[in-house]
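S.K.: Pasting model.txt here (compact mmCIF, C-alpha atoms):
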# COMPACT_ATOMS: atom_id res chain seq x y z
CA MET A 151 83.66 102.53 119.10
CA SER A 152 82.68 99.28 117.42
CA ALA A 153 79.17 99.41 116.09
CA ALA A 154 78.68 96.05 117.74
CA ALA A 155 79.06 97.69 121.14
CA SER A 156 75.61 99.23 120.76
CA ARG A 157 73.97 95.84 120.11
CA PRO A 158 73.17 93.20 122.70
CA ALA A 159 75.71 90.38 122.67
CA ASP A 160 74.37 87.28 120.93
CA ARG A 161 76.79 84.41 120.82
CA ASP A 162 74.54 82.49 118.44
CA HIS A 163 74.10 85.33 115.96
CA LEU A 164 75.49 84.40 112.56
CA TRP A 165 76.89 87.56 111.07
CA SER A 166 76.81 88.15 107.33
CA VAL A 167 79.97 89.21 105.53
CA ASP A 168 78.43 92.62 104.89
CA GLU A 169 77.43 93.13 108.54
CA HIS A 170 80.93 92.35 109.78
CA LEU A 171 82.56 94.59 107.18
CA GLU A 172 80.14 97.40 107.97
CA ASP A 173 81.02 97.15 111.65
CA VAL A 174 84.76 97.25 110.89
CA LEU A 175 84.50 100.27 108.62
CA ALA A 176 82.16 102.10 111.02
CA THR A 177 84.82 101.79 113.72
CA VAL A 178 88.01 102.53 111.80
CA ARG A 179 88.73 106.21 111.17
CA PRO A 180 91.29 107.85 108.84
CA LEU A 181 94.55 108.78 110.56
CA GLU A 182 95.17 112.42 111.40
CA PRO A 183 97.00 114.44 108.70
CA ILE A 184 100.67 115.33 109.06
CA GLU A 185 103.14 117.39 107.01
CA LEU A 186 105.85 115.25 105.42
CA GLN A 187 108.86 115.74 103.19
CA LEU A 188 108.20 114.60 99.64
CA LEU A 189 110.01 111.28 99.76
CA ASP A 190 108.53 110.48 103.16
CA ALA A 191 105.07 111.08 101.68
CA GLN A 192 105.40 108.31 99.11
CA GLY A 193 102.43 105.96 99.37
CA CYS A 194 100.44 108.42 101.48
CA VAL A 195 97.14 110.07 100.60
CA LEU A 196 97.04 113.79 99.89
CA VAL A 197 94.78 115.73 102.27
CA ASP A 198 94.43 119.07 100.42
CA ASP A 199 94.23 120.15 96.79
CA VAL A 200 97.57 121.41 95.50
CA THR A 201 97.58 124.30 93.02
CA VAL A 202 100.42 125.33 90.74
CA PRO A 203 102.32 128.40 92.00
CA VAL A 204 104.47 128.79 88.89
CA SER A 205 103.90 127.69 85.31
CA LEU A 206 105.72 124.66 83.91
CA PRO A 207 107.87 125.24 82.06
CA PRO A 208 108.40 128.68 83.64
CA PHE A 209 109.83 130.06 80.38
CA ASP A 210 110.03 129.17 76.69
CA ASN A 211 112.85 126.65 76.28
CA SER A 212 114.44 124.37 73.75
CA SER A 213 113.39 120.75 73.44
CA MET A 214 116.52 119.90 71.41
CA ASP A 215 120.25 120.48 71.29
CA GLY A 216 120.71 122.73 68.28
CA TYR A 217 120.59 126.36 67.20
CA ALA A 218 118.12 129.10 68.08
CA VAL A 219 117.28 130.96 64.86
CA ARG A 220 114.89 133.39 63.18
CA VAL A 221 112.44 131.67 60.84
CA ALA A 222 113.14 134.03 57.93
CA ASP A 223 116.88 133.26 58.07
CA VAL A 224 116.40 129.52 57.42
CA ALA A 225 113.48 129.67 54.96
CA GLY A 226 114.25 127.48 51.93
CA ALA A 227 117.42 126.03 53.47
CA SER A 228 118.66 122.69 52.07
CA GLU A 229 121.85 120.64 52.01
CA GLU A 230 122.60 121.97 48.54
CA PHE A 231 121.81 125.56 49.48
CA PRO A 232 122.27 125.85 53.26
CA ALA A 233 121.50 128.96 55.23
CA VAL A 234 124.78 130.31 56.59
CA LEU A 235 124.38 132.03 59.96
CA THR A 236 126.78 133.71 62.36
CA VAL A 237 126.97 131.96 65.74
CA VAL A 238 126.86 134.58 68.50
CA GLY A 239 127.45 132.24 71.43
CA ASP A 240 126.00 129.48 73.62
CA VAL A 241 122.79 129.32 75.63
CA ALA A 242 123.04 126.56 78.22
CA ALA A 243 120.38 125.23 80.57
CA GLY A 244 120.22 127.52 83.59
CA ALA A 245 121.51 130.55 81.65
CA ALA A 246 120.36 133.88 83.04
CA ASP A 247 122.03 136.48 80.80
CA LEU A 248 120.65 135.69 77.36
CA LEU A 249 122.11 136.55 74.00
CA GLN A 250 120.18 138.58 71.44
CA VAL A 251 119.66 136.76 68.15
CA GLY A 252 119.47 139.24 65.29
CA PRO A 253 119.07 138.88 61.51
CA GLY A 254 121.51 136.36 60.05
CA GLN A 255 122.51 135.12 63.47
CA ALA A 256 122.07 131.92 65.52
CA ALA A 257 122.83 130.91 69.09
CA ARG A 258 123.95 127.40 69.93
CA ILE A 259 121.35 126.17 72.44
CA MET A 260 121.04 123.15 74.72
CA THR A 261 117.98 121.16 75.70
CA GLY A 262 116.07 122.97 78.45
CA ALA A 263 117.85 126.29 77.89
CA PRO A 264 115.72 129.46 77.63
CA LEU A 265 114.88 130.61 74.11
CA PRO A 266 116.97 133.78 73.64
CA PRO A 267 115.37 137.10 72.62
CA GLY A 268 114.96 137.45 68.86
CA ALA A 269 114.93 133.70 68.19
CA GLU A 270 111.71 132.16 66.91
CA ALA A 271 112.57 128.48 66.53
CA VAL A 272 115.21 125.85 67.22
CA VAL A 273 116.82 123.72 64.52
CA PRO A 274 118.26 120.42 65.82
CA VAL A 275 122.02 120.10 65.51
CA GLU A 276 121.43 117.12 63.20
CA TRP A 277 119.99 119.60 60.62
CA THR A 278 123.28 121.50 60.56
CA ASP A 279 126.98 121.07 59.96
CA GLY A 280 127.65 121.82 63.60
CA GLY A 281 129.88 124.72 62.58
CA LEU A 282 132.40 122.34 61.04
CA GLY A 283 131.85 123.31 57.41
CA GLY A 284 130.90 119.83 56.18
CA GLY A 285 127.70 117.81 55.94
CA PRO A 286 125.13 117.09 58.64
CA VAL A 287 126.52 116.10 62.05
CA SER A 288 125.12 113.78 64.70
CA GLY A 289 125.89 115.94 67.72
CA MET A 290 127.87 118.75 69.29
CA PRO A 291 131.40 118.34 70.62
CA ALA A 292 131.76 119.04 74.33
CA ARG A 293 132.37 122.72 75.06
CA SER A 294 135.40 121.85 77.18
CA VAL A 295 136.95 120.07 74.18
CA ALA A 296 135.94 122.52 71.44
CA PRO A 297 135.03 125.94 72.90
CA GLU A 298 135.30 127.49 69.47
CA GLY A 299 132.00 125.80 68.53
CA ALA A 300 130.15 128.69 70.15
CA THR A 301 131.43 131.13 67.54
CA GLY A 302 131.99 131.24 63.78
CA GLN A 303 129.40 130.12 61.30
CA VAL A 304 126.89 127.32 61.07
CA ARG A 305 125.23 125.93 57.97
CA VAL A 306 121.56 125.00 58.38
CA HIS A 307 120.27 122.39 55.92
CA ARG A 308 116.53 122.50 56.63
CA PRO A 309 113.95 125.23 57.26
CA ALA A 310 112.04 125.53 60.54
CA GLU A 311 108.56 126.76 61.32
CA ALA A 312 107.89 129.29 64.03
CA ARG A 313 108.09 127.74 67.52
CA ALA A 314 109.59 124.51 66.16
CA HIS A 315 111.25 122.51 68.97
CA VAL A 316 110.27 125.12 71.54
CA ARG A 317 108.52 124.17 74.75
CA ALA A 318 106.16 127.02 75.47
CA GLN A 319 105.90 128.58 78.91
CA GLY A 320 102.98 126.93 80.75
CA SER A 321 102.57 124.18 78.14
CA ASP A 322 102.65 121.57 80.92
CA VAL A 323 100.67 123.37 83.65
CA LYS A 324 99.89 127.02 84.22
CA ALA A 325 100.10 128.99 87.46
CA GLY A 326 96.80 128.59 89.30
CA ASP A 327 95.98 125.20 87.74
CA LEU A 328 95.03 122.28 89.97
CA ALA A 329 98.13 120.11 90.22
CA LEU A 330 96.81 117.27 92.41
CA GLU A 331 93.44 116.62 94.01
CA ALA A 332 92.92 115.74 97.65
CA GLY A 333 92.66 111.96 97.92
CA THR A 334 95.48 111.30 95.47
CA VAL A 335 97.91 108.56 96.47
CA ILE A 336 101.42 110.01 96.27
CA GLY A 337 103.63 107.97 93.96
CA ALA A 338 106.77 108.71 91.99
CA PRO A 339 105.03 110.76 89.24
CA GLN A 340 103.18 112.84 91.84
CA ILE A 341 106.41 113.46 93.74
CA ALA A 342 108.01 114.59 90.48
CA LEU A 343 105.21 117.09 89.88
CA LEU A 344 105.28 118.42 93.44
CA ALA A 345 109.03 118.92 93.27
CA ALA A 346 108.76 120.56 89.85
CA ILE A 347 106.33 123.18 91.17
CA GLY A 348 108.53 123.86 94.18
CA ARG A 349 106.74 121.94 96.93
CA GLY A 350 109.20 120.44 99.40
CA THR A 351 106.57 119.17 101.83
CA VAL A 352 102.98 118.06 101.53
CA ARG A 353 100.10 117.44 103.94
CA VAL A 354 99.02 113.82 103.90
CA ARG A 355 97.51 111.08 105.99
CA PRO A 356 100.39 108.82 107.01
CA ARG A 357 100.62 105.20 105.98
CA PRO A 358 99.07 103.13 108.76
CA ARG A 359 101.33 101.00 110.93
CA VAL A 360 100.02 97.44 110.98
CA VAL A 361 101.32 94.78 113.35
CA VAL A 362 100.79 91.15 112.34
CA LEU A 363 101.01 88.31 114.89
CA SER A 364 100.46 84.64 114.23
CA THR A 365 99.65 82.24 117.05
CA GLY A 366 100.36 78.58 117.52
CA SER A 367 102.92 76.49 119.39
CA GLU A 368 103.28 74.35 116.28
CA LEU A 369 104.65 77.21 114.18
CA VAL A 370 108.32 77.36 113.23
CA GLN A 371 110.27 80.12 111.51
CA PRO A 372 111.24 79.31 107.88
CA ASP A 373 114.84 78.00 107.53
CA GLU A 374 114.60 76.26 110.90
CA ASP A 375 114.33 72.48 111.23
CA LEU A 376 110.88 70.99 111.72
CA ALA A 377 110.26 68.67 114.62
CA ALA A 378 107.39 66.20 114.77
CA GLY A 379 104.02 67.97 114.63
CA GLN A 380 105.44 71.32 113.58
CA ILE A 381 104.76 73.42 110.47
CA TYR A 382 106.31 76.56 109.08
CA ASP A 383 104.67 79.88 109.87
CA SER A 384 103.32 81.17 106.56
CA ASN A 385 100.39 83.30 107.70
CA SER A 386 102.41 86.08 109.31
CA PHE A 387 104.52 86.42 106.17
CA ALA A 388 101.50 86.40 103.88
CA LEU A 389 99.53 88.94 105.90
CA THR A 390 102.50 91.26 106.41
CA ALA A 391 103.13 91.24 102.67
CA ALA A 392 99.43 91.79 102.00
CA ALA A 393 99.36 94.74 104.42
CA ARG A 394 102.31 96.32 102.63
CA ASP A 395 100.60 95.74 99.30
CA ALA A 396 97.54 97.54 100.68
CA GLY A 397 99.70 100.58 101.48
CA ALA A 398 100.61 100.03 105.13
CA ILE A 399 103.89 100.03 106.98
CA ALA A 400 103.67 96.47 108.27
CA TYR A 401 105.58 94.81 111.10
CA ARG A 402 105.70 91.04 111.41
CA VAL A 403 105.95 89.57 114.91
CA GLY A 404 107.28 86.04 115.21
CA ALA A 405 104.81 83.27 116.01
CA VAL A 406 103.50 83.40 119.57
CA ALA A 407 102.95 80.16 121.51
CA ASP A 408 99.52 79.00 122.64
CA ASP A 409 99.69 80.74 125.99
CA ALA A 410 97.24 83.51 126.85
CA ASP A 411 99.62 85.48 129.07
CA THR A 412 102.41 85.35 126.48
CA LEU A 413 100.09 86.45 123.71
CA ARG A 414 98.55 89.21 125.82
CA SER A 415 101.99 90.56 126.67
CA ALA A 416 103.11 90.39 123.03
CA ILE A 417 100.08 92.36 121.85
CA GLU A 418 100.41 94.98 124.58
CA ASP A 419 104.10 95.44 123.67
CA GLN A 420 103.12 96.16 120.06
CA LEU A 421 100.44 98.76 120.74
CA LEU A 422 103.01 101.57 120.89
CA ARG A 423 103.73 101.18 117.18
CA ALA A 424 100.36 100.02 115.88
CA ASP A 425 97.50 101.82 114.18
CA LEU A 426 95.98 98.39 113.54
CA VAL A 427 96.71 94.93 114.96
CA VAL A 428 96.05 91.74 113.01
CA THR A 429 96.25 88.31 114.61
CA THR A 430 95.86 84.98 112.88
CA GLY A 431 94.91 81.72 114.56
CA GLY A 432 93.34 80.88 117.88
CA VAL A 433 89.81 82.17 117.21
CA SER A 434 87.91 78.91 116.86
CA VAL A 435 86.46 76.71 119.60
CA GLY A 436 89.39 74.45 120.43
CA ALA A 437 90.94 74.08 123.88
CA TYR A 438 94.16 75.70 122.64
CA ASP A 439 92.57 78.60 120.76
CA VAL A 440 93.96 81.20 123.14
CA VAL A 441 93.35 84.45 121.23
CA LYS A 442 89.86 84.80 122.67
CA GLU A 443 91.16 84.09 126.16
CA ALA A 444 94.02 86.58 125.81
CA LEU A 445 92.02 89.40 124.27
CA THR A 446 89.29 89.42 126.86
CA SER A 447 91.65 91.31 129.18
CA VAL A 448 94.06 93.23 126.94
CA GLY A 449 93.84 96.86 128.09
CA ASP A 450 90.97 96.09 130.46
CA GLU A 451 91.98 98.97 132.70
CA ASP A 452 91.50 101.36 129.79
CA GLU A 453 88.12 100.18 128.57
CA ASP A 454 85.13 102.34 129.38
CA GLU A 455 81.73 103.33 128.12
CA ALA A 456 83.37 104.68 124.94
CA GLY A 457 83.82 101.13 123.81
CA GLY A 458 86.65 98.63 124.12
CA GLY A 459 87.41 94.95 123.86
CA VAL A 460 87.20 92.38 121.10
CA GLU A 461 84.07 90.51 120.08
CA PHE A 462 84.36 87.06 118.53
CA ARG A 463 81.81 86.10 115.92
CA LYS A 464 80.68 83.46 113.51
CA LEU A 465 80.24 84.66 109.94
CA ALA A 466 78.08 83.16 107.23
CA MET A 467 81.06 82.61 104.93
CA GLN A 468 83.42 79.91 103.76
CA PRO A 469 86.30 79.96 104.39
CA GLY A 470 86.65 82.25 107.41
CA LYS A 471 83.67 81.53 109.66
CA PRO A 472 85.36 82.47 112.98
CA GLN A 473 86.36 86.14 113.22
CA GLY A 474 87.16 88.63 115.93
CA PHE A 475 87.04 92.41 115.88
CA GLY A 476 87.24 95.25 118.35
CA VAL A 477 89.45 97.93 119.83
CA ILE A 478 92.09 97.55 122.54
CA GLY A 479 94.35 99.66 124.71
CA ARG A 480 94.31 103.32 125.74
CA ASP A 481 94.16 104.53 122.15
CA HIS A 482 91.39 102.09 121.20
CA THR A 483 93.56 100.53 118.52
CA PRO A 484 91.49 98.43 116.09
CA LEU A 485 92.24 94.71 116.12
CA LEU A 486 91.09 92.08 113.68
CA ALA A 487 91.50 88.46 114.74
CA LEU A 488 91.56 86.15 111.73
CA PRO A 489 91.34 82.36 111.48
CA GLY A 490 94.52 80.30 111.37
CA ASN A 491 94.01 78.24 108.23
CA PRO A 492 96.10 79.91 105.51
CA VAL A 493 93.35 80.39 102.94
CA SER A 494 90.82 81.48 105.57
CA SER A 495 93.35 83.96 106.87
CA TYR A 496 94.16 85.43 103.46
CA VAL A 497 90.53 85.63 102.29
CA SER A 498 89.60 87.32 105.57
CA PHE A 499 92.41 89.82 105.07
CA GLU A 500 91.18 90.73 101.60
CA LEU A 501 87.60 91.13 102.72
CA PHE A 502 88.09 92.94 106.02
CA VAL A 503 91.65 94.00 106.80
CA ARG A 504 92.55 95.52 103.45
CA PRO A 505 89.47 97.84 103.49
CA ALA A 506 90.36 98.82 107.07
CA ILE A 507 93.91 99.73 106.04
CA ARG A 508 92.67 101.75 103.07
CA THR A 509 90.20 103.54 105.35
CA LEU A 510 92.98 104.45 107.79
CA MET A 511 94.86 105.90 104.82
CA GLY A 512 91.93 108.19 104.05
CA LEU A 513 90.92 106.59 100.76
CA THR A 514 87.29 106.51 99.70
CA ASP A 515 87.53 103.49 97.38
CA VAL A 516 88.79 100.85 99.80
CA HIS A 517 87.81 97.62 98.04
CA ARG A 518 89.43 95.43 95.43
CA PRO A 519 87.88 95.80 91.95
CA ARG A 520 85.17 93.34 91.01
CA ALA A 521 84.07 91.97 87.66
CA ARG A 522 81.57 89.59 86.13
CA ALA A 523 83.00 86.47 84.53
CA VAL A 524 81.82 83.28 82.87
CA LEU A 525 82.69 80.18 84.89
CA GLU A 526 84.74 77.60 83.00
CA ALA A 527 84.60 74.27 84.80
CA ASP A 528 84.21 70.55 84.11
CA LYS A 529 81.35 70.22 86.56
CA ALA A 530 79.09 72.32 88.74
CA LEU A 531 80.55 74.02 91.80
CA THR A 532 78.88 73.22 95.09
CA SER A 533 78.52 75.65 97.98
CA PRO A 534 77.04 75.29 101.51
CA ALA A 535 73.57 76.73 101.97
CA GLY A 536 73.45 80.01 103.83
CA ARG A 537 77.19 80.70 103.41
CA ARG A 538 78.88 83.12 101.04
CA GLN A 539 81.68 81.08 99.54
CA PHE A 540 84.95 82.46 98.20
CA LEU A 541 86.80 80.12 95.86
CA ARG A 542 90.23 80.73 94.41
CA GLY A 543 90.19 81.40 90.70
CA LYS A 544 92.17 82.39 87.64
CA TYR A 545 90.62 85.26 85.69
CA ALA A 546 91.29 86.13 82.04
CA ASP A 547 89.33 87.81 79.26
CA GLY A 548 85.97 87.68 81.01
CA THR A 549 86.25 84.05 82.10
CA VAL A 550 87.30 82.44 85.36
CA THR A 551 88.45 78.94 86.27
CA THR A 552 88.82 77.45 89.73
CA VAL A 553 92.26 76.85 91.22
CA GLY A 554 92.36 74.03 93.76
CA GLY A 555 89.45 73.00 95.94
CA ALA A 556 87.43 74.71 98.63
CA GLU A 557 89.58 73.47 101.53
CA SER A 558 91.14 76.25 103.59
CA HIS A 559 94.63 74.75 103.86
CA LEU A 560 95.52 74.73 100.14
CA ILE A 561 98.31 77.32 100.01
CA ALA A 562 99.66 76.14 96.66
CA ALA A 563 96.32 76.80 94.99
CA LEU A 564 96.21 80.25 96.57
CA ALA A 565 99.64 81.05 95.16
CA HIS A 566 98.35 80.47 91.62
CA ALA A 567 95.08 82.39 91.99
CA ASP A 568 94.49 86.00 90.96
CA ALA A 569 90.81 86.22 91.82
CA LEU A 570 88.19 85.09 94.31
CA ILE A 571 85.01 83.58 92.90
CA VAL A 572 82.02 84.72 94.95
CA VAL A 573 79.15 82.27 95.40
CA PRO A 574 76.16 83.96 97.12
CA GLU A 575 74.57 82.57 100.26
CA ASP A 576 71.44 81.37 98.44
CA ASP A 577 73.31 79.43 95.74
CA THR A 578 74.27 75.85 96.50
CA SER A 579 75.40 75.05 92.96
CA VAL A 580 76.93 77.01 90.10
CA GLU A 581 76.85 75.40 86.65
CA PRO A 582 79.64 75.72 84.07
CA GLY A 583 78.92 78.67 81.78
CA ALA A 584 77.14 80.63 84.51
CA GLU A 585 78.08 84.23 85.13
CA VAL A 586 79.70 84.80 88.53
CA GLU A 587 81.14 87.72 90.42
CA VAL A 588 84.90 87.75 90.95
CA ILE A 589 87.11 89.84 93.20
CA LEU A 590 90.30 90.69 91.34
CA LEU A 591 93.38 90.26 93.51
CA GLY A 592 96.09 91.38 91.10
Render the structure in this file as structure tokens.
M.R.:
Amino acid sequence: MSAAASRPADRDHLWSVDEHLEDVLATVRPLEPIELQLLDAQGCVLVDDVTVPVSLPPFDNSSMDGYAVRVADVAGASEEFPAVLTVVGDVAAGAADLLQVGPGQAARIMTGAPLPPGAEAVVPVEWTDGGLGGGPVSGMPARSVAPEGATGQVRVHRPAEARAHVRAQGSDVKAGDLALEAGTVIGAPQIALLAAIGRGTVRVRPRPRVVVLSTGSELVQPDEDLAAGQIYDSNSFALTAAARDAGAIAYRVGAVADDADTLRSAIEDQLLRADLVVTTGGVSVGAYDVVKEALTSVGDEDEDEAGGGVEFRKLAMQPGKPQGFGVIGRDHTPLLALPGNPVSSYVSFELFVRPAIRTLMGLTDVHRPRARAVLEADKALTSPAGRRQFLRGKYADGTVTTVGGAESHLIAALAHADALIVVPEDDTSVEPGAEVEVILLG
């Protein structure tokens, strides 16, 4: 239930950024855990601690292609006076029946193969003649080409210390160790570790499914011809990409015309595959801003005392003053209605939608990182009184410069920004050289 549902409606109330965000995060709950195959769990958040059932590596093994030897047999070896050892056979990776290496003997061994009984170290093949009777070699011939390499003699040209080029059992992780903590985002390295310790499935919170709809009869799909008064739909592409960047499985719905019934039907059709719905446009006070009209009755038959419906608000921020938030449908799916201007839409996503997505994932740190930076500018920045302003910026080495102006339609400036400069509500001017807070977008 939206926290706003417990407060009396006040159409004139000017919400702060923090109040609106608090209401969103108080309503959104992490998705229920499910068991997934490893590759299906990529990008998901681990629910339980995972301990190591078997040590890695599970046995002592060679880190080089070479020869398994006894240390005493190669002591003092050099190219002029090599140690000559009898080769008793091969030890390949995956070998189960291991050879015994006795005094004066060596076993040809491959990377990853178990260290055979009696052997104390591995000498790389480059330290030997490879059994060919000449000088040092650069590698071993393939067994299928030269099977005789597994027998005969080998000359070792350098000594080896005990355990040289041996990966010790448990040197990576030991049985009983903590492999991964609950709350870890599963990426490729984590999948590698889980597979290496024998886990084929893992319990995670699934990636949230986010549906993005843009509204406006003026919007045209990219690659189509523009007629008079039309513009290309950029918001739905930007927000879908941003949702994916946040960790969601995002679905983009083509632009919906300014018709309440059409929009209502489009949203209701999407609820089957949505953990979160994001709309952009149609939340202001114009005669054709139909999102408010449409959302007043989406799922009306399912709303009850538990809380339902979308509340539209004015926020003390620039850009992004008009916002909508609530829950809709039988499952009380969260919906965030964002403004239609491109910069307003994107800034609103970063401030409110991204944290909601990260909360659905089960993460505890849901916000972009922030930093302090020195403002580099030719003149003071101005900001409206009582509004928290978010300006596009370029951040580097503790300094930040503005990119473009404050207008909410400047997409080109947004494309070159990697930070948002935060100007607090009480500041109407920020001088060059002042320290400011920045939200890092990259």
S.K.: Point out the residue among A:Leu206, A:Ala393, A:Leu186, A:Ala527 with the least atom-to-atom distance to Ala325 (chain A), counting all atoms listed in the file.
M.R.: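 Closest to Ala325 (chain A), using all atoms listed in the file: A:Leu206.
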S.K.: Counting all atoms listed in the file, what is within 8 Å of region 188-190 of chain A, bar same-chain residues fewer than 5 positions away, as a PyMOL selection string?
M.R.: chain A and resi 341+344-345+349-352
S.K.: Could you tell me how far CA of Arg220 (chain A) sits from CA of Thr261 (chain A), in Å to one decimal place?
M.R.: 17.8 Å
S.K.: Which residues, protein or nucleic acid, reach to within 8 Å of (96.8, 88.8, 114.4) in the file's coordinates when using all atoms listed in the file, and can you give that as an mmCIF file with C-alpha atoms, keeping the file's coordinate frame?
M.R.:
data_model
loop_
_atom_site.group_PDB
_atom_site.id
_atom_site.type_symbol
_atom_site.label_atom_id
_atom_site.label_comp_id
_atom_site.auth_asym_id
_atom_site.auth_seq_id
_atom_site.Cartn_x
_atom_site.Cartn_y
_atom_site.Cartn_z
ATOM 1 C CA VAL A 361 101.320 94.780 113.350
ATOM 2 C CA VAL A 362 100.790 91.150 112.340
ATOM 3 C CA LEU A 363 101.010 88.310 114.890
ATOM 4 C CA SER A 364 100.460 84.640 114.230
ATOM 5 C CA THR A 365 99.650 82.240 117.050
ATOM 6 C CA VAL A 427 96.710 94.930 114.960
ATOM 7 C CA VAL A 428 96.050 91.740 113.010
ATOM 8 C CA THR A 429 96.250 88.310 114.610
ATOM 9 C CA THR A 430 95.860 84.980 112.880
ATOM 10 C CA GLY A 431 94.910 81.720 114.560
ATOM 11 C CA LEU A 485 92.240 94.710 116.120
ATOM 12 C CA LEU A 486 91.090 92.080 113.680
ATOM 13 C CA ALA A 487 91.500 88.460 114.740
ATOM 14 C CA LEU A 488 91.560 86.150 111.730
#
S.K.: One decimal, in Å: what's the spacing between CA of Gly326 (chain A) and CA of Ala243 (chain A)?
M.R.: 25.4 Å
S.K.: Between A:Val550, A:Ala565, A:Val174, A:Ala535, which has the minimum distance to Ala584 (chain A) (counting only C-alpha atoms)?
M.R.: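 Checking each of A:Val550, A:Ala565, A:Val174, A:Ala535 against Ala584 (chain A), counting only C-alpha atoms, the winner is A:Val550.
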S.K.: Work out how far apart CA of Gln319 (chain A) and CA of Val197 (chain A) are and give it in Å to one decimal.
M.R.: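 Computed distance, CA of Gln319 (chain A) to CA of Val197 (chain A), equals 28.9 Å.
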S.K.: With 5 Å of padding per side, what axis-aligned box (centre and edge lengths, Å, one decimal) covers all the listed atoms of region 290-295 of chain A? Give it as lines of an AutoDock Vina configuration file.
M.R.:
center_x = 132.4
center_y = 120.5
center_z = 73.2
size_x = 19.1
size_y = 14.4
size_z = 17.9
S.K.: Point out the residue among A:Met214, A:Pro519, A:Ala222, A:Leu164 with the least atom-to-atom distance to Glu276 (chain A), counting all atoms listed in the file.
M.R.: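 Of the candidates, the smallest distance to Glu276 (chain A) is held by A:Met214.
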S.K.: Taking 3 positions as the minimum chain separation for residues in the same chain, which residues sit within 8 Å of Met290 (chain A) when counting all atoms listed in the file? Answer as an mmCIF file with C-alpha atoms, in the coordinates of the input.
M.R.:
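Listing of part-v1.cif after writing:
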data_model
loop_
_atom_site.group_PDB
_atom_site.id
_atom_site.type_symbol
_atom_site.label_atom_id
_atom_site.label_comp_id
_atom_site.auth_asym_id
_atom_site.auth_seq_id
_atom_site.Cartn_x
_atom_site.Cartn_y
_atom_site.Cartn_z
ATOM 1 C CA VAL A 275 122.020 120.100 65.510
ATOM 2 C CA GLY A 280 127.650 121.820 63.600
ATOM 3 C CA VAL A 287 126.520 116.100 62.050
#
S.K.: Need the shell around Phe475 (chain A): protein/DNA/RNA residues with any atom at most 12 Å away, counting all atoms listed in the file. Skip same-chain ones fewer than 5 positions apart. Format as an mmCIF file with C-alpha atoms, in the frame of the given file?
M.R.:
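Result went into around.cif, see below:
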data_model
loop_
_atom_site.group_PDB
_atom_site.id
_atom_site.type_symbol
_atom_site.label_atom_id
_atom_site.label_comp_id
_atom_site.auth_asym_id
_atom_site.auth_seq_id
_atom_site.Cartn_x
_atom_site.Cartn_y
_atom_site.Cartn_z
ATOM 1 C CA MET A 151 83.660 102.530 119.100
ATOM 2 C CA SER A 152 82.680 99.280 117.420
ATOM 3 C CA ALA A 153 79.170 99.410 116.090
ATOM 4 C CA ALA A 154 78.680 96.050 117.740
ATOM 5 C CA ALA A 155 79.060 97.690 121.140
ATOM 6 C CA HIS A 170 80.930 92.350 109.780
ATOM 7 C CA LEU A 171 82.560 94.590 107.180
ATOM 8 C CA GLU A 172 80.140 97.400 107.970
ATOM 9 C CA ASP A 173 81.020 97.150 111.650
ATOM 10 C CA VAL A 174 84.760 97.250 110.890
ATOM 11 C CA LEU A 175 84.500 100.270 108.620
ATOM 12 C CA ALA A 176 82.160 102.100 111.020
ATOM 13 C CA THR A 177 84.820 101.790 113.720
ATOM 14 C CA VAL A 178 88.010 102.530 111.800
ATOM 15 C CA LEU A 426 95.980 98.390 113.540
ATOM 16 C CA VAL A 427 96.710 94.930 114.960
ATOM 17 C CA VAL A 428 96.050 91.740 113.010
ATOM 18 C CA THR A 429 96.250 88.310 114.610
ATOM 19 C CA THR A 430 95.860 84.980 112.880
ATOM 20 C CA VAL A 433 89.810 82.170 117.210
ATOM 21 C CA VAL A 441 93.350 84.450 121.230
ATOM 22 C CA LYS A 442 89.860 84.800 122.670
ATOM 23 C CA LEU A 445 92.020 89.400 124.270
ATOM 24 C CA THR A 446 89.290 89.420 126.860
ATOM 25 C CA GLY A 458 86.650 98.630 124.120
ATOM 26 C CA GLY A 459 87.410 94.950 123.860
ATOM 27 C CA VAL A 460 87.200 92.380 121.100
ATOM 28 C CA GLU A 461 84.070 90.510 120.080
ATOM 29 C CA PHE A 462 84.360 87.060 118.530
ATOM 30 C CA ARG A 463 81.810 86.100 115.920
ATOM 31 C CA LYS A 464 80.680 83.460 113.510
ATOM 32 C CA LEU A 465 80.240 84.660 109.940
ATOM 33 C CA HIS A 482 91.390 102.090 121.200
ATOM 34 C CA THR A 483 93.560 100.530 118.520
ATOM 35 C CA PRO A 484 91.490 98.430 116.090
ATOM 36 C CA LEU A 485 92.240 94.710 116.120
ATOM 37 C CA LEU A 486 91.090 92.080 113.680
ATOM 38 C CA ALA A 487 91.500 88.460 114.740
ATOM 39 C CA LEU A 488 91.560 86.150 111.730
ATOM 40 C CA PRO A 489 91.340 82.360 111.480
ATOM 41 C CA SER A 498 89.600 87.320 105.570
ATOM 42 C CA PHE A 502 88.090 92.940 106.020
ATOM 43 C CA VAL A 503 91.650 94.000 106.800
ATOM 44 C CA ALA A 506 90.360 98.820 107.070
#
S.K.: For a quick check of understanding, using all atoms listed in the file, which of A:Val237, A:Ile571, A:Leu513, A:Leu501 has the smallest distance to Glu526 (chain A)?
M.R.: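 Ranked by minimum distance to Glu526 (chain A), first place goes to A:Ile571.
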